[in-house]
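This is start24.cif. It holds mmCIF, C-alpha atoms and all ligand atoms.
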data_model
#
loop_
_atom_site.label_atom_id
_atom_site.label_comp_id
_atom_site.auth_asym_id
_atom_site.auth_seq_id
_atom_site.Cartn_x
_atom_site.Cartn_y
_atom_site.Cartn_z
CA MET A 535 84.22 83.71 -41.58
CA VAL A 536 82.30 85.14 -44.52
CA LEU A 537 80.72 81.78 -45.30
CA ALA A 538 79.55 81.22 -41.73
CA ARG A 539 77.65 84.51 -41.85
CA ALA A 540 76.01 83.76 -45.22
CA VAL A 541 72.25 84.28 -45.54
CA ARG A 542 70.30 81.02 -45.18
CA ASP A 543 66.84 82.35 -44.53
CA ALA A 544 64.48 83.51 -47.28
CA GLY A 545 62.85 86.12 -45.01
CA GLU A 546 66.21 87.68 -44.23
CA LEU A 547 67.19 87.69 -47.91
CA CYS A 548 63.96 89.46 -48.85
CA ARG A 549 64.31 92.01 -46.03
CA LEU A 550 67.87 92.83 -47.04
CA LEU A 551 66.89 93.18 -50.70
CA ARG A 552 63.56 94.91 -50.05
CA LEU A 553 61.55 92.22 -51.80
CA PRO A 554 57.87 91.57 -50.94
CA PRO A 555 57.00 88.88 -48.34
CA GLU A 556 55.29 86.73 -51.02
CA VAL A 557 58.70 86.19 -52.57
CA ALA A 558 60.02 84.93 -49.23
CA ALA A 559 57.05 82.60 -48.74
CA ALA A 560 57.55 81.02 -52.18
CA ALA A 561 61.30 80.77 -51.60
CA ARG A 562 60.80 78.98 -48.30
CA GLN A 563 58.63 76.33 -49.98
CA ALA A 564 60.91 75.91 -52.97
CA ALA A 565 64.05 75.59 -50.83
CA ARG A 566 62.86 72.36 -49.19
CA ASP A 567 65.13 70.05 -51.23
CA PHE A 568 68.08 72.38 -51.67
CA PRO A 569 68.40 75.10 -49.05
CA LEU A 570 69.00 78.75 -49.76
CA LEU A 571 72.60 79.90 -49.31
CA VAL A 572 73.90 83.36 -50.29
CA PRO A 573 77.12 84.92 -48.99
CA HIS A 574 77.12 88.67 -48.25
CA PRO A 575 79.70 89.74 -50.86
CA TRP A 576 77.34 88.36 -53.54
CA LEU A 577 74.30 89.98 -51.94
CA ALA A 578 76.04 93.35 -52.19
CA ARG A 579 76.07 93.04 -56.00
CA ILE A 580 72.29 92.49 -56.27
CA VAL A 581 70.14 95.54 -57.04
CA PRO A 582 67.66 95.85 -54.14
CA GLY A 583 63.97 95.79 -55.04
CA ASP A 584 64.47 94.14 -58.45
CA PRO A 585 62.92 90.65 -58.52
CA HIS A 586 64.52 90.04 -61.96
CA ASP A 587 68.07 90.88 -60.97
CA PRO A 588 70.28 88.32 -62.78
CA LEU A 589 72.36 87.64 -59.66
CA LEU A 590 69.26 87.23 -57.52
CA LEU A 591 67.72 84.75 -59.98
CA GLN A 592 70.75 82.48 -59.62
CA VAL A 593 70.27 82.09 -55.86
CA LEU A 594 66.58 82.72 -55.09
CA PRO A 595 64.44 79.56 -54.73
CA ARG A 596 61.28 79.98 -56.82
CA ALA A 597 58.01 78.05 -57.06
CA GLU A 598 59.01 76.77 -60.53
CA GLU A 599 61.58 74.51 -58.86
CA LEU A 600 58.80 72.30 -57.50
CA ALA A 601 57.32 71.61 -60.95
CA ASP A 602 57.77 68.07 -62.21
CA VAL A 603 58.97 68.52 -65.81
CA PRO A 604 59.50 65.48 -68.07
CA HIS A 605 63.18 64.74 -68.89
CA PHE A 606 64.47 66.75 -65.94
CA GLN A 607 65.95 64.21 -63.54
CA ARG A 608 67.59 64.10 -60.13
CA ASP A 609 70.86 62.70 -61.52
CA PRO A 610 70.97 63.98 -65.12
CA LEU A 611 74.54 62.85 -65.79
CA GLY A 612 74.17 59.38 -64.31
CA GLU A 613 76.91 60.13 -61.80
CA ALA A 614 75.59 57.62 -59.31
CA VAL A 615 76.28 54.94 -61.94
CA SER A 616 79.66 56.23 -63.11
CA GLY A 617 81.08 56.18 -59.60
CA GLY A 618 80.27 59.72 -58.53
CA THR A 619 78.92 58.66 -55.17
CA SER A 620 82.41 57.50 -54.20
CA GLY A 621 83.62 61.03 -54.84
CA LEU A 622 85.63 60.07 -57.93
CA LEU A 623 84.70 60.53 -61.59
CA TRP A 624 87.07 59.10 -64.15
CA LYS A 625 85.16 59.50 -67.40
CA TYR A 626 87.59 61.47 -69.55
CA PRO A 627 90.97 60.07 -70.60
CA GLY A 628 93.90 61.48 -68.68
CA ARG A 629 91.78 63.45 -66.22
CA LEU A 630 90.55 62.24 -62.87
CA LEU A 631 87.88 64.38 -61.21
CA ILE A 632 87.61 64.37 -57.42
CA VAL A 633 84.47 65.60 -55.69
CA ALA A 634 86.80 67.15 -53.17
CA ALA A 635 84.35 69.06 -51.00
CA GLU A 636 80.73 68.71 -50.06
CA THR A 637 80.00 72.35 -49.49
CA CYS A 638 79.74 75.43 -51.67
CA ALA A 639 79.89 79.13 -50.96
CA VAL A 640 76.48 79.50 -52.59
CA HIS A 641 73.61 77.32 -53.70
CA CYS A 642 73.08 77.96 -57.40
CA ARG A 643 69.51 77.05 -58.13
CA TYR A 644 70.37 75.47 -61.52
CA CYS A 645 73.14 73.28 -60.10
CA PHE A 646 73.30 69.80 -61.69
CA ARG A 647 74.55 68.42 -58.37
CA ARG A 648 71.65 69.89 -56.39
CA HIS A 649 70.45 66.38 -55.56
CA PHE A 650 73.93 64.87 -55.32
CA PRO A 651 74.15 62.43 -52.40
CA PHE A 652 77.12 64.19 -50.84
CA ALA A 653 76.25 62.63 -47.51
CA HIS A 654 77.06 59.21 -48.99
CA LEU A 655 80.72 60.09 -49.42
CA ALA A 656 82.27 57.70 -46.93
CA ASP A 657 84.10 60.36 -44.94
CA ASP A 658 86.08 63.50 -45.63
CA ASP A 659 89.21 61.73 -46.77
CA GLY A 660 87.43 58.91 -48.59
CA PRO A 661 87.56 60.41 -52.08
CA TRP A 662 91.10 61.64 -51.59
CA GLU A 663 92.49 58.31 -50.50
CA ALA A 664 90.72 56.56 -53.36
CA ALA A 665 91.98 59.20 -55.81
CA LEU A 666 95.55 58.86 -54.58
CA ARG A 667 95.38 55.09 -55.03
CA LEU A 668 93.82 55.28 -58.48
CA ALA A 669 96.10 58.06 -59.73
CA ALA A 670 99.18 56.18 -58.53
CA ALA A 671 98.04 52.96 -60.21
CA GLU A 672 97.03 54.47 -63.58
CA ALA A 673 99.92 55.99 -65.48
CA SER A 674 97.53 57.44 -68.09
CA ILE A 675 96.16 59.94 -65.55
CA GLU A 676 98.06 63.21 -65.98
CA GLU A 677 95.65 65.69 -64.50
CA ILE A 678 93.69 65.83 -61.26
CA ILE A 679 90.57 67.99 -61.25
CA LEU A 680 89.29 69.18 -57.88
CA SER A 681 85.57 69.81 -58.11
CA GLY A 682 82.66 69.52 -55.74
CA GLY A 683 80.94 71.16 -54.08
CA ASP A 684 83.59 73.83 -54.11
CA PRO A 685 87.11 72.61 -53.35
CA LEU A 686 88.16 76.07 -52.16
CA THR A 687 85.79 75.73 -49.19
CA LEU A 688 88.53 73.44 -47.78
CA PRO A 689 91.21 75.05 -45.59
CA ASP A 690 94.50 75.90 -47.29
CA ALA A 691 96.47 73.61 -44.98
CA ARG A 692 94.40 70.61 -46.03
CA LEU A 693 94.56 71.47 -49.72
CA SER A 694 98.28 71.84 -49.42
CA SER A 695 98.94 68.57 -47.58
CA LEU A 696 96.77 66.56 -49.96
CA THR A 697 98.37 68.18 -53.01
CA LYS A 698 101.83 67.29 -51.69
CA ARG A 699 100.80 63.66 -51.79
CA LEU A 700 99.47 64.06 -55.34
CA ALA A 701 102.69 65.78 -56.43
CA ALA A 702 104.64 62.76 -55.22
CA ILE A 703 103.01 60.66 -57.98
CA PRO A 704 105.58 61.05 -60.78
CA HIS A 705 103.30 60.86 -63.85
CA LEU A 706 100.86 63.54 -62.62
CA ARG A 707 101.49 66.87 -64.31
CA ARG A 708 98.59 69.22 -63.70
CA LEU A 709 96.23 70.19 -60.91
CA ARG A 710 93.00 71.81 -62.05
CA ILE A 711 90.62 73.49 -59.64
CA HIS A 712 86.98 74.16 -60.50
CA SER A 713 85.69 76.84 -58.15
CA ARG A 714 83.16 79.58 -57.84
CA LEU A 715 84.71 81.02 -54.69
CA PRO A 716 86.95 83.71 -56.25
CA ILE A 717 83.73 85.14 -57.71
CA MET A 718 81.41 84.58 -54.74
CA ILE A 719 83.84 85.58 -51.98
CA PRO A 720 86.91 87.24 -53.53
CA GLN A 721 88.50 87.55 -50.07
CA ARG A 722 89.13 83.79 -50.40
CA VAL A 723 92.05 84.57 -52.74
CA THR A 724 94.56 85.01 -49.91
CA GLY A 725 98.35 85.00 -49.92
CA GLU A 726 98.27 81.43 -48.57
CA LEU A 727 96.05 80.30 -51.43
CA LEU A 728 98.43 81.87 -53.96
CA ASP A 729 101.42 80.26 -52.21
CA TRP A 730 99.73 76.89 -52.41
CA LEU A 731 98.93 77.25 -56.13
CA ARG A 732 102.42 78.54 -56.94
CA GLY A 733 104.28 76.17 -54.67
CA SER A 734 103.42 72.80 -56.17
CA ARG A 735 105.40 70.87 -58.76
CA LEU A 736 102.07 70.36 -60.57
CA THR A 737 101.00 73.04 -63.05
CA PRO A 738 97.93 74.74 -61.55
CA ILE A 739 94.92 75.71 -63.66
CA LEU A 740 91.96 77.48 -62.12
CA VAL A 741 88.54 77.38 -63.77
CA VAL A 742 86.06 79.84 -62.25
CA GLN A 743 82.34 79.88 -62.92
CA VAL A 744 80.94 83.31 -63.77
CA ASN A 745 77.63 83.87 -65.55
CA HIS A 746 76.98 87.60 -65.69
CA PRO A 747 79.15 90.75 -65.94
CA ALA A 748 77.54 92.22 -62.80
CA GLU A 749 79.22 89.42 -60.82
CA ILE A 750 82.58 91.09 -61.42
CA ASP A 751 82.91 94.04 -59.05
CA ALA A 752 86.20 95.72 -58.10
CA ALA A 753 87.02 93.13 -55.42
CA VAL A 754 86.45 90.22 -57.83
CA ALA A 755 88.52 91.91 -60.53
CA ALA A 756 91.35 92.40 -58.01
CA ALA A 757 91.18 88.78 -56.86
CA LEU A 758 91.37 87.51 -60.45
CA GLY A 759 94.30 89.89 -61.01
CA ARG A 760 96.17 88.44 -58.00
CA LEU A 761 95.74 84.93 -59.39
CA VAL A 762 96.97 85.82 -62.86
CA ASP A 763 99.85 87.87 -61.45
CA ALA A 764 100.85 84.79 -59.44
CA GLY A 765 101.22 82.93 -62.73
CA VAL A 766 98.08 80.82 -62.45
CA PRO A 767 96.25 80.34 -65.76
CA VAL A 768 92.62 81.31 -65.07
CA LEU A 769 89.80 80.10 -67.33
CA ALA A 770 86.12 80.98 -67.08
CA GLN A 771 83.05 78.86 -67.62
CA ALA A 772 79.45 80.00 -67.68
CA VAL A 773 76.11 78.24 -67.80
CA LEU A 774 73.60 79.57 -70.33
CA LEU A 775 70.61 80.54 -68.18
CA ARG A 776 67.25 81.87 -69.23
CA GLY A 777 66.56 85.31 -67.79
CA VAL A 778 70.16 85.63 -66.57
CA ASN A 779 72.51 85.71 -69.55
CA ASP A 780 70.61 84.51 -72.63
CA ASP A 781 71.12 87.68 -74.66
CA LEU A 782 73.92 88.94 -76.85
CA GLU A 783 74.68 92.14 -74.91
CA THR A 784 75.13 90.34 -71.59
CA LEU A 785 77.35 87.59 -73.00
CA ALA A 786 79.44 90.05 -75.03
CA ARG A 787 80.00 92.21 -71.95
CA LEU A 788 80.81 89.18 -69.80
CA PHE A 789 83.41 87.62 -72.10
CA GLY A 790 84.87 91.00 -73.10
CA ARG A 791 85.35 91.95 -69.46
CA LEU A 792 86.93 88.59 -68.65
CA VAL A 793 89.59 88.89 -71.35
CA ASP A 794 90.33 92.45 -70.17
CA LEU A 795 91.08 90.84 -66.81
CA ARG A 796 93.30 88.20 -68.50
CA VAL A 797 90.79 85.43 -67.76
CA MET A 798 90.14 83.28 -70.82
CA PRO A 799 86.58 82.17 -71.67
CA TYR A 800 86.60 78.38 -71.82
CA TYR A 801 83.13 76.85 -71.86
CA LEU A 802 79.55 78.05 -72.17
CA HIS A 803 77.52 75.12 -70.84
CA GLN A 804 74.11 74.06 -71.96
CA LEU A 805 72.09 73.52 -68.77
CA ASP A 806 72.09 69.94 -67.50
CA ARG A 807 68.51 68.73 -67.21
CA VAL A 808 68.33 68.48 -63.46
CA ALA A 809 64.93 68.35 -61.72
CA GLY A 810 64.02 71.79 -60.41
CA ALA A 811 65.93 73.78 -63.03
CA ALA A 812 63.70 73.49 -66.12
CA HIS A 813 62.80 77.19 -65.96
CA PHE A 814 66.45 78.09 -66.63
CA GLU A 815 66.71 76.14 -69.88
CA VAL A 816 67.55 77.90 -73.15
CA ALA A 817 67.01 75.96 -76.40
CA PRO A 818 70.31 74.83 -77.98
CA GLN A 819 69.25 76.50 -81.23
CA ARG A 820 69.12 79.85 -79.43
CA GLY A 821 72.49 79.14 -77.81
CA ARG A 822 74.04 78.46 -81.22
CA GLU A 823 72.62 81.72 -82.56
CA LEU A 824 74.13 83.61 -79.64
CA ILE A 825 77.56 82.06 -80.21
CA GLU A 826 77.36 82.93 -83.91
CA GLN A 827 76.53 86.54 -83.02
CA LEU A 828 79.34 86.66 -80.46
CA ARG A 829 81.79 85.59 -83.19
CA GLY A 830 80.75 88.70 -85.10
CA ARG A 831 81.45 90.90 -82.10
CA LEU A 832 84.46 89.64 -80.16
CA PRO A 833 87.98 88.43 -80.91
CA GLY A 834 88.05 84.68 -81.56
CA TYR A 835 89.81 83.97 -78.26
CA ALA A 836 86.98 85.66 -76.32
CA VAL A 837 84.27 83.30 -77.59
CA PRO A 838 83.91 80.15 -75.44
CA ARG A 839 83.08 76.68 -76.73
CA TYR A 840 79.37 76.00 -76.33
CA VAL A 841 79.10 72.47 -74.92
CA CYS A 842 76.80 70.00 -73.27
CA GLU A 843 77.47 66.95 -71.18
CA THR A 844 76.18 63.64 -72.56
CA PRO A 845 76.23 60.67 -70.17
CA GLY A 846 78.48 57.89 -71.40
CA ARG A 847 80.70 60.01 -73.67
CA SER A 848 84.40 60.50 -73.07
CA SER A 849 84.38 64.24 -73.70
CA LYS A 850 81.92 67.12 -73.66
CA THR A 851 79.81 67.48 -76.82
CA LEU A 852 80.48 70.61 -78.86
CA LEU A 853 77.24 72.42 -79.77
CA ALA A 854 78.93 75.42 -81.43
C1 LIG B 1 83.94 68.26 -67.60
C2 LIG B 1 84.63 67.12 -67.03
C3 LIG B 1 86.03 67.00 -67.10
C4 LIG B 1 86.88 68.05 -67.74
O1 LIG B 1 86.68 68.13 -69.12
P1 LIG B 1 87.49 69.17 -69.98
O2 LIG B 1 86.85 69.12 -71.32
O3 LIG B 1 88.93 68.74 -69.97
O4 LIG B 1 87.32 70.50 -69.30
C5 LIG B 1 86.62 65.87 -66.58
N1 LIG B 1 85.91 64.89 -65.97
C6 LIG B 1 84.57 64.99 -65.87
C7 LIG B 1 83.83 63.89 -65.22
C8 LIG B 1 83.89 66.11 -66.38
O5 LIG B 1 82.56 66.18 -66.27
S1 LIG B 2 79.07 76.48 -56.82
FE1 LIG B 2 78.98 74.88 -58.40
S2 LIG B 2 78.60 72.94 -57.28
FE2 LIG B 2 78.12 74.66 -55.88
S3 LIG B 2 75.91 75.01 -56.15
FE3 LIG B 2 76.96 76.41 -57.56
S4 LIG B 2 77.05 75.28 -59.53
FE4 LIG B 2 76.61 73.79 -57.88
#
Write out the structure in this file as structure tokens.
Amino acid sequence: MVLARAVRDAGELCRLLRLPPEVAAAARQAARDFPLLVPHPWLARIVPGDPHDPLLLQVLPRAEELADVPHFQRDPLGEAVSGGTSGLLWKYPGRLLIVAAETCAVHCRYCFRRHFPFAHLADDDGPWEAALRLAAAEASIEEIILSGGDPLTLPDARLSSLTKRLAAIPHLRRLRIHSRLPIMIPQRVTGELLDWLRGSRLTPILVVQVNHPAEIDAAVAAALGRLVDAGVPVLAQAVLLRGVNDDLETLARLFGRLVDLRVMPYYLHQLDRVAGAAHFEVAPQRGRELIEQLRGRLPGYAVPRYVCETPGRSSKTLLA
């Protein structure tokens, strides 16, 4: 499997990308809390020898991660309090989010769940059984959101059997999947996956995370095309990241390319203030400026909503 062969060693990453050994030494130190994980299809899109490559920066542990910066916390969204450790988050009316998988196809260095106590999830089926009980008992829940970790790291057979049980709850209408896998490992978009998404009574909606236009090579474009051709609405969300996509050209190319591929830009997220990610933060004022400039460049439907997550609120907060 592609994921089983993923690069987990900083020395190997630096050898493959022809980066100096100092980079590997710093990465090894910085990866202590949150290990390095990069699958090969992603590696192939990184320009060798360029320490500032925007795809490399998303996955390379750097010394800055160890800095203790005020206001950057281990659990920035208070998920431990709002029930996240049970694998269920029911914060927004009508939508129940399940932390459906503990693993990802990549470790994004800015991830707000980088310190998430996944190991505390009772067992594999714990969150699912609790979600099935809660969804059945609460008629106001219309949509199930599979998040994680990355839910598409689960085998198709398991996704399909669990979704059958969800589909048996009469008031549920939609199944949303938040995943980075179609971008990281486009081979994951198999015929079985499409059959599963197409085959349920629930309306499927796939939200992929993609931050930079260089992430979309021919294989990714083809995978997104297979999903849309199968009738699955595909939305895109990005995180605004310093040094990766915090400039007008990059964002305009990213969102323009996505709409060409029939993938609709949904959210641009302000970074959650998670410990270890302070060096990725872009000031909201700069983010607003960028959105304003994008409005002058792209069709209205190609400009995402710029949002942040505020603990305790029942929806995301619109910044622009
Ligand atoms: C972001 C989020 C959702 C989905 O919100 P939308 O605005 O519908 O995309 C649902 N539940 C939780 C806990 C979330 O963080
Ligand atoms: S894929 Fe998502 S959950 Fe996994 S590390 Fe990246 S941002 Fe975090």
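With all atoms listed in the file taken into account, the protein and nucleic acid residues at most 10 Å from Arg807 (chain A) (excluding it and anything under 4 positions from it in its own chain) are Val603, Pro604, His605, Phe606, Gln607, Arg608, Asp609, Pro610, Leu611, Tyr644, Cys645, Phe646, Ala811, Ala812, Phe814, Glu815 and Glu843 of chain A.
The residue that comes closest to ligand LIG 2 (chain B), out of A:Asp684, A:Asp794, A:Glu598, A:Glu783 and on the basis of all atoms listed in the file, is A:Asp684.
Closest approach to Leu727 (chain A) among A:Ala753, A:Leu740, A:Ala538, A:Val808 is made by A:Leu740 (distances from only C-alpha atoms).
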May I have the residues within 9 Å of ligand LIG 2 (chain B), computed using all atoms listed in the file, as a PDB file with C-alpha atoms, in the frame of the given file?
ATOM      1  CA  GLN A 592      70.750  82.480 -59.620  1.00  0.00           C
ATOM      2  CA  VAL A 593      70.270  82.090 -55.860  1.00  0.00           C
ATOM      3  CA  GLU A 636      80.730  68.710 -50.060  1.00  0.00           C
ATOM      4  CA  THR A 637      80.000  72.350 -49.490  1.00  0.00           C
ATOM      5  CA  CYS A 638      79.740  75.430 -51.670  1.00  0.00           C
ATOM      6  CA  ALA A 639      79.890  79.130 -50.960  1.00  0.00           C
ATOM      7  CA  VAL A 640      76.480  79.500 -52.590  1.00  0.00           C
ATOM      8  CA  HIS A 641      73.610  77.320 -53.700  1.00  0.00           C
ATOM      9  CA  CYS A 642      73.080  77.960 -57.400  1.00  0.00           C
ATOM     10  CA  ARG A 643      69.510  77.050 -58.130  1.00  0.00           C
ATOM     11  CA  TYR A 644      70.370  75.470 -61.520  1.00  0.00           C
ATOM     12  CA  CYS A 645      73.140  73.280 -60.100  1.00  0.00           C
ATOM     13  CA  PHE A 646      73.300  69.800 -61.690  1.00  0.00           C
ATOM     14  CA  ARG A 647      74.550  68.420 -58.370  1.00  0.00           C
ATOM     15  CA  ARG A 648      71.650  69.890 -56.390  1.00  0.00           C
ATOM     16  CA  SER A 681      85.570  69.810 -58.110  1.00  0.00           C
ATOM     17  CA  GLY A 682      82.660  69.520 -55.740  1.00  0.00           C
ATOM     18  CA  GLY A 683      80.940  71.160 -54.080  1.00  0.00           C
ATOM     19  CA  ASP A 684      83.590  73.830 -54.110  1.00  0.00           C
ATOM     20  CA  HIS A 712      86.980  74.160 -60.500  1.00  0.00           C
ATOM     21  CA  SER A 713      85.690  76.840 -58.150  1.00  0.00           C
ATOM     22  CA  ARG A 714      83.160  79.580 -57.840  1.00  0.00           C
ATOM     23  CA  LEU A 715      84.710  81.020 -54.690  1.00  0.00           C
ATOM     24  CA  MET A 718      81.410  84.580 -54.740  1.00  0.00           C
ATOM     25  CA  GLN A 743      82.340  79.880 -62.920  1.00  0.00           C
ATOM     26  CA  VAL A 773      76.110  78.240 -67.800  1.00  0.00           C
TER      27      VAL A 773
END
**Asked** So which residues are near ligand LIG 1 (chain B), meaning at most 9 Å away with all atoms listed in the file counted, given back as a ChimeraX atom specification?
**Response** /A:611,613,616,618,622-632,678-679,741,800-801,843,848-850
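Taking CA of Leu594 (chain A) and CA of Leu550 (chain A) as the two end points, the separation is 13.0 Å.
Rounded to one decimal, CA of Ala770 (chain A) and CA of Tyr840 (chain A) lie 12.5 Å from each other.
Counting all atoms listed in the file and comparing A:Pro575, A:Pro720, A:Pro588, A:Pro582, the residue that lies closest to Ala755 (chain A) is A:Pro720.
With all atoms listed in the file as the atoms that count, the minimum distance from Glu826 (chain A) to the choices A:Gly765, A:Gly545, A:Pro738, A:Pro838 is reached by A:Pro838.
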**Message:** With 12 Å as the threshold, what does the neighbourhood of (94.2, 61.2, -55.5) contain in terms of residues, counting only C-alpha atoms? Coordinates are those of the file; answer as a ChimeraX atom specification.
**Reply:** /A:621-624,629-634,659-672,675-680,693,695-703,706,709
Excluding Val797 (chain A) and any residue of its chain fewer than 5 positions from it, enumerate the residues within 7 Å of it, using all atoms listed in the file, and give them as a compact mmCIF listing (two decimals) with C-alpha atoms, in the frame of the given file.
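Once everything was written out, this is selection-v8.txt:
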# COMPACT_ATOMS: atom_id res chain seq x y z
CA VAL A 768 92.62 81.31 -65.07
CA LEU A 769 89.80 80.10 -67.33
CA ALA A 770 86.12 80.98 -67.08
CA LEU A 792 86.93 88.59 -68.65
Mind giving me the axis-aligned box for region 641-646 of chain A with 4 Å on every side, centre plus edges in Å to one decimal, as AutoDock Vina command-line options?
--center_x 71.6 --center_y 73.9 --center_z -57.7 --size_x 12.1 --size_y 16.2 --size_z 16.0
**Prompt:** For the point (77.1, 89.1, -64.6) in file coordinates, what residues are within 12 Å, counting only C-alpha atoms? Give the answer as an NGL selection string?
**Reply:** :A and (576 or 579-580 or 587-592 or 717-718 or 743-751 or 754 or 772-775 or 777-781 or 783-792)
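The list of residues with at least one atom within 10 Å of Asp729 (chain A), based on all atoms listed in the file and without residues fewer than 5 positions apart in the same chain, reads A:Asp690, A:Ser694, A:Thr724, A:Ser734, A:Ala764.
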**Message:** With distances taken over only C-alpha atoms, which residue among A:Gln827, A:Arg707, A:Pro767, A:Ala558 lies nearest Ser674 (chain A)?
**Reply:** A:Arg707
**Message:** Env of Arg542 (chain A): 8 Å cut, atoms = all atoms listed in the file, seq-sep filter 6 positions within chain, self excluded. Answer as a ChimeraX atom specification.
**Reply:** /A:569-572
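Counting all atoms listed in the file, the residue from A:Arg760, A:Arg820, A:His649, A:Arg549 that sits nearest to Leu577 (chain A) is A:Arg549.
Taking CA of Trp730 (chain A) and CA of Leu688 (chain A) as endpoints, the distance between them is 12.6 Å.
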